[in-house]
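What's in run.cif: mmCIF, C-alpha atoms
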```
data_model
loop_
_atom_site.group_PDB
_atom_site.id
_atom_site.type_symbol
_atom_site.label_atom_id
_atom_site.label_comp_id
_atom_site.auth_asym_id
_atom_site.auth_seq_id
_atom_site.Cartn_x
_atom_site.Cartn_y
_atom_site.Cartn_z
ATOM 1 C CA MET F 1 3.004 31.697 -91.527
ATOM 2 C CA SER F 2 2.997 28.051 -92.534
ATOM 3 C CA ASP F 3 6.658 28.373 -93.507
ATOM 4 C CA MET F 4 7.592 29.208 -89.897
ATOM 5 C CA ASN F 5 8.569 26.347 -87.601
ATOM 6 C CA LEU F 6 7.624 26.145 -83.930
ATOM 7 C CA TYR F 7 10.731 27.876 -82.611
ATOM 8 C CA GLN F 8 10.441 30.713 -85.111
ATOM 9 C CA LYS F 9 6.878 31.266 -83.950
ATOM 10 C CA ILE F 10 7.915 31.236 -80.293
ATOM 11 C CA GLN F 11 10.553 33.834 -81.127
ATOM 12 C CA ALA F 12 7.895 35.891 -82.941
ATOM 13 C CA VAL F 13 5.659 35.860 -79.856
ATOM 14 C CA SER F 14 8.659 36.846 -77.738
ATOM 15 C CA ASN F 15 9.285 39.821 -80.031
ATOM 16 C CA GLU F 16 5.576 40.686 -80.016
ATOM 17 C CA ILE F 17 5.330 40.822 -76.197
ATOM 18 C CA LYS F 18 8.481 42.550 -75.055
ATOM 19 C CA ASN F 19 7.375 43.609 -71.590
ATOM 20 C CA ILE F 20 4.473 43.372 -69.131
ATOM 21 C CA GLU F 21 4.524 45.758 -66.172
ATOM 22 C CA LYS F 22 4.190 44.575 -62.594
ATOM 23 C CA ASN F 23 0.968 46.292 -61.487
ATOM 24 C CA MET F 24 -0.182 44.054 -58.633
ATOM 25 C CA THR F 25 0.901 44.025 -54.973
ATOM 26 C CA VAL F 26 1.029 40.582 -53.370
ATOM 27 C CA GLY F 27 0.973 40.175 -49.590
ATOM 28 C CA LYS F 28 1.136 42.804 -46.864
ATOM 29 C CA GLY F 29 3.748 44.574 -44.791
ATOM 30 C CA SER F 30 7.327 43.360 -44.910
ATOM 31 C CA TYR F 31 6.416 40.382 -47.095
ATOM 32 C CA SER F 32 4.670 42.361 -49.859
ATOM 33 C CA TYR F 33 6.098 42.498 -53.376
ATOM 34 C CA LYS F 34 5.131 43.643 -56.860
ATOM 35 C CA ALA F 35 4.001 41.089 -59.439
ATOM 36 C CA VAL F 36 2.480 40.892 -62.887
ATOM 37 C CA GLN F 37 -1.191 39.889 -62.985
ATOM 38 C CA ASP F 38 -2.160 36.532 -64.444
ATOM 39 C CA ILE F 39 -4.899 38.115 -66.569
ATOM 40 C CA ASP F 40 -2.383 40.501 -68.175
ATOM 41 C CA VAL F 41 -0.107 37.606 -69.129
ATOM 42 C CA THR F 42 -2.990 35.413 -70.319
ATOM 43 C CA LEU F 43 -4.565 38.057 -72.556
ATOM 44 C CA GLU F 44 -1.264 39.224 -74.066
ATOM 45 C CA VAL F 45 -0.091 35.682 -74.776
ATOM 46 C CA LYS F 46 -3.486 34.551 -76.073
ATOM 47 C CA GLU F 47 -3.563 37.374 -78.620
ATOM 48 C CA ALA F 48 -0.007 36.690 -79.813
ATOM 49 C CA GLU F 49 -0.506 32.915 -79.929
ATOM 50 C CA THR F 50 -3.674 33.366 -81.995
ATOM 51 C CA LYS F 51 -1.794 35.613 -84.416
ATOM 52 C CA TYR F 52 1.034 33.116 -84.903
ATOM 53 C CA LYS F 53 -1.194 30.009 -84.705
ATOM 54 C CA LEU F 54 0.157 28.540 -81.490
ATOM 55 C CA VAL F 55 -1.647 27.101 -78.482
ATOM 56 C CA SER F 56 -0.341 26.459 -74.956
ATOM 57 C CA ILE F 57 -1.987 23.767 -72.833
ATOM 58 C CA PRO F 58 -1.151 22.561 -69.301
ATOM 59 C CA ILE F 59 -0.841 18.797 -69.749
ATOM 60 C CA LYS F 60 0.412 17.736 -66.319
ATOM 61 C CA GLN F 61 0.269 19.022 -62.758
ATOM 62 C CA GLU F 62 2.031 17.481 -59.800
ATOM 63 C CA LEU F 63 1.572 18.444 -56.148
ATOM 64 C CA VAL F 64 5.174 18.656 -54.966
ATOM 65 C CA LYS F 65 4.520 19.797 -51.407
ATOM 66 C CA SER F 66 1.545 20.586 -49.192
ATOM 67 C CA GLU F 67 1.720 21.777 -45.610
ATOM 68 C CA ILE F 68 -0.039 23.814 -42.943
ATOM 69 C CA ILE F 69 1.664 27.006 -41.778
ATOM 70 C CA LYS F 70 0.855 29.056 -38.679
ATOM 71 C CA VAL F 71 1.026 32.805 -39.286
ATOM 72 C CA VAL F 72 1.125 35.408 -36.518
ATOM 73 C CA LYS F 73 -1.344 38.227 -37.190
ATOM 74 C CA ASP F 74 -0.318 41.889 -36.878
ATOM 75 C CA GLY F 75 -2.775 42.389 -34.027
ATOM 76 C CA GLY F 76 -1.745 39.233 -32.212
ATOM 77 C CA GLY F 77 -3.020 35.688 -32.369
ATOM 78 C CA GLU F 78 -2.415 33.098 -35.053
ATOM 79 C CA SER F 79 -4.055 32.053 -38.297
ATOM 80 C CA ILE F 80 -3.697 28.879 -40.312
ATOM 81 C CA GLN F 81 -2.540 28.998 -43.922
ATOM 82 C CA TYR F 82 -2.407 26.077 -46.336
ATOM 83 C CA MET F 83 0.641 26.112 -48.602
ATOM 84 C CA ASP F 84 0.866 24.074 -51.817
ATOM 85 C CA ILE F 85 3.699 23.843 -54.352
ATOM 86 C CA VAL F 86 2.752 22.629 -57.821
ATOM 87 C CA LYS F 87 4.966 21.461 -60.680
ATOM 88 C CA MET F 88 3.330 22.048 -64.061
ATOM 89 C CA THR F 89 4.193 20.914 -67.566
ATOM 90 C CA LEU F 90 2.921 23.275 -70.258
ATOM 91 C CA LYS F 91 2.857 22.128 -73.889
ATOM 92 C CA ILE F 92 3.189 24.722 -76.678
ATOM 93 C CA ILE F 93 1.917 23.375 -80.008
ATOM 94 C CA ASN F 94 2.270 24.671 -83.554
ATOM 95 C CA LEU F 95 -1.331 24.516 -84.838
ATOM 96 C CA GLU F 96 -0.162 24.419 -88.466
ATOM 97 C CA LYS F 97 2.108 21.450 -87.786
ATOM 98 C CA THR F 98 0.713 19.726 -84.704
ATOM 99 C CA ASP F 99 3.624 17.289 -84.555
ATOM 100 C CA GLU F 100 5.785 20.284 -83.556
ATOM 101 C CA PHE F 101 5.555 20.997 -79.842
ATOM 102 C CA VAL F 102 7.712 21.771 -76.824
ATOM 103 C CA ASP F 103 7.134 21.090 -73.116
ATOM 104 C CA VAL F 104 7.917 23.776 -70.544
ATOM 105 C CA GLU F 105 8.174 22.944 -66.828
ATOM 106 C CA SER F 106 7.429 25.469 -64.118
ATOM 107 C CA PHE F 107 6.703 25.642 -60.392
ATOM 108 C CA GLY F 108 4.114 27.678 -58.491
ATOM 109 C CA ARG F 109 3.502 28.300 -54.788
ATOM 110 C CA GLY F 110 0.031 28.980 -53.412
ATOM 111 C CA LEU F 111 -0.852 30.147 -49.899
ATOM 112 C CA ASP F 112 -4.471 30.338 -48.740
ATOM 113 C CA SER F 113 -6.515 30.170 -45.542
ATOM 114 C CA GLY F 114 -8.994 27.813 -47.231
ATOM 115 C CA ASP F 115 -8.840 25.272 -50.022
ATOM 116 C CA LYS F 116 -7.573 27.551 -52.815
ATOM 117 C CA GLY F 117 -3.858 26.961 -52.297
ATOM 118 C CA PHE F 118 -3.587 24.414 -55.113
ATOM 119 C CA GLY F 119 -5.492 26.646 -57.529
ATOM 120 C CA LYS F 120 -3.271 29.630 -56.741
ATOM 121 C CA ALA F 121 -0.134 27.518 -57.126
ATOM 122 C CA SER F 122 -1.415 26.214 -60.463
ATOM 123 C CA THR F 123 -2.139 29.748 -61.692
ATOM 124 C CA TYR F 124 1.334 30.961 -60.705
ATOM 125 C CA ALA F 125 3.000 27.944 -62.346
ATOM 126 C CA ARG F 126 1.165 28.526 -65.634
ATOM 127 C CA LYS F 127 1.907 32.264 -65.568
ATOM 128 C CA TYR F 128 5.627 31.744 -64.990
ATOM 129 C CA ALA F 129 5.755 29.001 -67.632
ATOM 130 C CA LEU F 130 4.420 31.459 -70.225
ATOM 131 C CA LEU F 131 6.718 34.269 -69.073
ATOM 132 C CA ASN F 132 9.757 31.990 -69.287
ATOM 133 C CA ALA F 133 8.795 30.245 -72.533
ATOM 134 C CA TYR F 134 8.309 33.516 -74.395
ATOM 135 C CA LYS F 135 11.054 35.394 -72.515
ATOM 136 C CA ILE F 136 8.648 38.138 -71.449
ATOM 137 C CA ALA F 137 10.259 40.816 -69.277
ATOM 138 C CA THR F 138 8.358 42.169 -66.280
ATOM 139 C CA GLY F 139 8.861 45.634 -64.804
ATOM 140 C CA GLU F 140 11.760 47.948 -65.566
ATOM 141 C CA ASP F 141 14.917 46.924 -67.339
ATOM 142 C CA PRO F 142 17.521 46.331 -64.591
ATOM 143 C CA ASP F 143 20.219 47.646 -66.948
ATOM 144 C CA GLU F 144 18.602 51.085 -67.331
ATOM 145 C CA ASN F 145 20.271 52.359 -64.188
ATOM 146 C CA ARG F 146 23.798 51.631 -63.153
ATOM 147 C CA SER F 147 23.928 49.430 -60.092
ATOM 148 C CA LYS F 148 25.475 50.849 -56.982
ATOM 149 C CA GLU F 149 28.773 49.325 -56.018
ATOM 150 C CA GLN F 150 28.199 46.730 -53.332
ATOM 151 C CA THR F 151 30.450 45.953 -50.413
ATOM 152 C CA PRO F 152 30.663 42.199 -49.765
ATOM 153 C CA VAL F 153 28.766 41.170 -46.637
ATOM 154 C CA THR F 154 29.852 38.137 -44.628
ATOM 155 C CA VAL F 155 27.478 35.473 -43.307
ATOM 156 C CA ASP F 156 28.026 36.690 -39.731
ATOM 157 C CA GLU F 157 27.260 40.289 -40.701
ATOM 158 C CA ILE F 158 24.050 39.192 -42.410
ATOM 159 C CA LYS F 159 22.960 37.190 -39.372
ATOM 160 C CA ASN F 160 23.838 39.957 -36.921
ATOM 161 C CA SER F 161 21.979 42.578 -38.984
ATOM 162 C CA VAL F 162 18.816 40.449 -39.146
ATOM 163 C CA VAL F 163 18.944 39.476 -35.463
ATOM 164 C CA ASN F 164 19.476 43.105 -34.414
ATOM 165 C CA TYR F 165 16.437 44.174 -36.427
ATOM 166 C CA MET F 166 14.344 41.303 -35.042
ATOM 167 C CA MET F 167 15.029 42.630 -31.550
ATOM 168 C CA THR F 168 13.349 45.927 -32.512
ATOM 169 C CA ASP F 169 10.254 44.532 -34.258
ATOM 170 C CA ASN F 170 8.391 41.757 -32.462
ATOM 171 C CA VAL F 171 5.647 41.397 -35.099
ATOM 172 C CA TYR F 172 8.222 40.975 -37.856
ATOM 173 C CA THR F 173 10.109 38.456 -35.726
ATOM 174 C CA GLN F 174 7.028 36.302 -35.114
ATOM 175 C CA ASN F 175 6.036 36.403 -38.788
ATOM 176 C CA LEU F 176 9.561 35.501 -39.886
ATOM 177 C CA LEU F 177 9.824 32.559 -37.481
ATOM 178 C CA SER F 178 6.393 31.322 -38.556
ATOM 179 C CA TYR F 179 7.311 31.709 -42.221
ATOM 180 C CA PHE F 180 10.376 29.484 -41.790
ATOM 181 C CA ASN F 181 8.560 27.247 -39.285
ATOM 182 C CA VAL F 182 11.262 27.613 -36.608
ATOM 183 C CA GLY F 183 11.083 28.421 -32.910
ATOM 184 C CA SER F 184 13.870 30.990 -32.606
ATOM 185 C CA PRO F 185 16.609 32.747 -34.630
ATOM 186 C CA ASP F 186 19.023 30.057 -33.400
ATOM 187 C CA ASP F 187 17.081 27.540 -35.496
ATOM 188 C CA MET F 188 17.448 29.550 -38.722
ATOM 189 C CA ASN F 189 20.074 28.527 -41.273
ATOM 190 C CA ALA F 190 22.353 30.751 -43.333
ATOM 191 C CA GLU F 191 20.079 30.711 -46.397
ATOM 192 C CA GLN F 192 17.077 31.804 -44.329
ATOM 193 C CA PHE F 193 19.053 34.669 -42.794
ATOM 194 C CA LYS F 194 20.134 35.679 -46.292
ATOM 195 C CA MET F 195 16.511 35.721 -47.517
ATOM 196 C CA ALA F 196 15.462 37.820 -44.519
ATOM 197 C CA TYR F 197 18.418 40.166 -45.038
ATOM 198 C CA ILE F 198 17.543 40.745 -48.702
ATOM 199 C CA ASN F 199 13.896 41.335 -47.777
ATOM 200 C CA LEU F 200 14.815 43.920 -45.132
ATOM 201 C CA LYS F 201 17.247 45.667 -47.505
ATOM 202 C CA LYS F 202 14.542 45.931 -50.176
ATOM 203 C CA LYS F 203 12.187 47.473 -47.615
ATOM 204 C CA GLY F 204 14.835 49.989 -46.550
ATOM 205 C CA ARG F 205 14.929 48.669 -42.992
ATOM 206 C CA LEU F 206 18.637 47.930 -42.981
#
```

Reformat the file's structure so that it appears as structure tokens.
Amino acid sequence: MSDMNLYQKIQAVSNEIKNIEKNMTVGKGSYSYKAVQDIDVTLEVKEAETKYKLVSIPIKQELVKSEIIKVVKDGGGESIQYMDIVKMTLKIINLEKTDEFVDVESFGRGLDSGDKGFGKASTYARKYALLNAYKIATGEDPDENRSKEQTPVTVDEIKNSVVNYMMTDNVYTQNLLSYFNVGSPDDMNAEQFKMAYINLKKKGRL
């Protein structure tokens, strides 16, 4: 493999690991989503990198944002969560020609009730850096099934749909307001309403 340059090796790893299924559920209730496990990515990439004589090393981590968030529990009351956002630089090195390397930047968000927010954010950032660097697909191919034709939805329609649903689900409303750190729907901006709208559509609630 000594005749392969760094980018040829990266392409080889990409071809080796075509897809990793999302087999982990993150979060609960309306905020839950499917994700690929860090261990699955790490083991798959480690095996392929060893085969093609590459190594990936986090060389820099930067705490971009850190804040305390109040979350309303399903049964009432509040809990405190610590949220950290980390920017990571991952270096991929050709072990046969160590002067050949490439830096990959990625971001990760970690939420924890204790002091593990930074660690979670770091893990996510590294995982996404590897997925992006080697162009690893996760889950089903979105092109397998033809998308349904979508009717354009205006900003007002999005807002009205979300507000109408919030009036029927108090727990969801409190969690949503806490998530965006606002006091009422009047304080939410268009992008936040759009995020909430997409979330509710995915959950089949709209």

List the spatial neighbours of Asn181 (chain F) as number ranges by chain - criterion: any atom at most 12 Å away, all atoms listed in the file, same-chain residues fewer than 3 positions off excluded. F: 67-72, 173-178, 184-185, 187-189, 192

Quick one: axis-aligned box around all listed atoms of region 177-189 of chain F, 3 Å on every side, centre and edge lengths in Å to one decimal, written as AutoDock Vina command-line options.
```
--center_x 13.2 --center_y 30.0 --center_z -37.4 --size_x 19.7 --size_y 11.5 --size_z 15.6
```

If we count all atoms listed in the file and set the cut-off at 8 Å, which residues sit around Ser66 (chain F), ignoring sequence neighbours fewer than 5 positions away in its own chain? Please answer as a list in words. Tyr82, Met83, Asp84 and Ile85 of chain F

Keeping C-alpha atoms, export the residues of the selection given above as a PDB file, in the coordinates of the input.
```
ATOM      1  CA  TYR F  82      -2.407  26.077 -46.336  1.00  0.00           C
ATOM      2  CA  MET F  83       0.641  26.112 -48.602  1.00  0.00           C
ATOM      3  CA  ASP F  84       0.866  24.074 -51.817  1.00  0.00           C
ATOM      4  CA  ILE F  85       3.699  23.843 -54.352  1.00  0.00           C
TER       5      ILE F  85
END
```

Interatomic distance between CA of Thr123 (chain F) and CA of Glu62 (chain F)?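 Here the two named atoms are 13.1 Å from each other.
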
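Residues of protein, DNA or RNA having at least one counted atom within 12 Å of (10.7, 33.6, -82.9), given all atoms listed in the file, are Met1, Met4, Asn5, Leu6, Tyr7, Gln8, Lys9, Ile10, Gln11, Ala12, Val13, Ser14, Asn15, Glu16, Ile17, Ala48, Glu49, Tyr52, Leu54, Ala133, Tyr134 and Lys135 of chain F.
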
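Closest approach to Lys51 (chain F) among F:Val102, F:Ala137, F:Ala190, F:Leu95 is made by F:Leu95 (distances from all atoms listed in the file).
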
One decimal, Å: what's the distance from CA of Val104 (chain F) over to CA of Lys91 (chain F), could you say? 6.3 Å

Starting from the shown file, work through the PyMOL selection byres ((chain F and resi 35-43) around 8) and note down what comes out as a PyMOL selection string. chain F and resi 20-26+33-34+44-47+123-124+127+130-131+138

Polymer residues at most 10 Å from Asp156 (chain F), all atoms listed in the file, same-chain spacing of 4 or more positions, as a ChimeraX atom specification: /F:160-162,190,193

Could you save those same residues with C-alpha atoms as a PDB file, in the coordinates of the input?
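Just written: part_32.pdb:
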```
ATOM      1  CA  ASN F 160      23.838  39.957 -36.921  1.00  0.00           C
ATOM      2  CA  SER F 161      21.979  42.578 -38.984  1.00  0.00           C
ATOM      3  CA  VAL F 162      18.816  40.449 -39.146  1.00  0.00           C
ATOM      4  CA  ALA F 190      22.353  30.751 -43.333  1.00  0.00           C
ATOM      5  CA  PHE F 193      19.053  34.669 -42.794  1.00  0.00           C
TER       6      PHE F 193
END
```
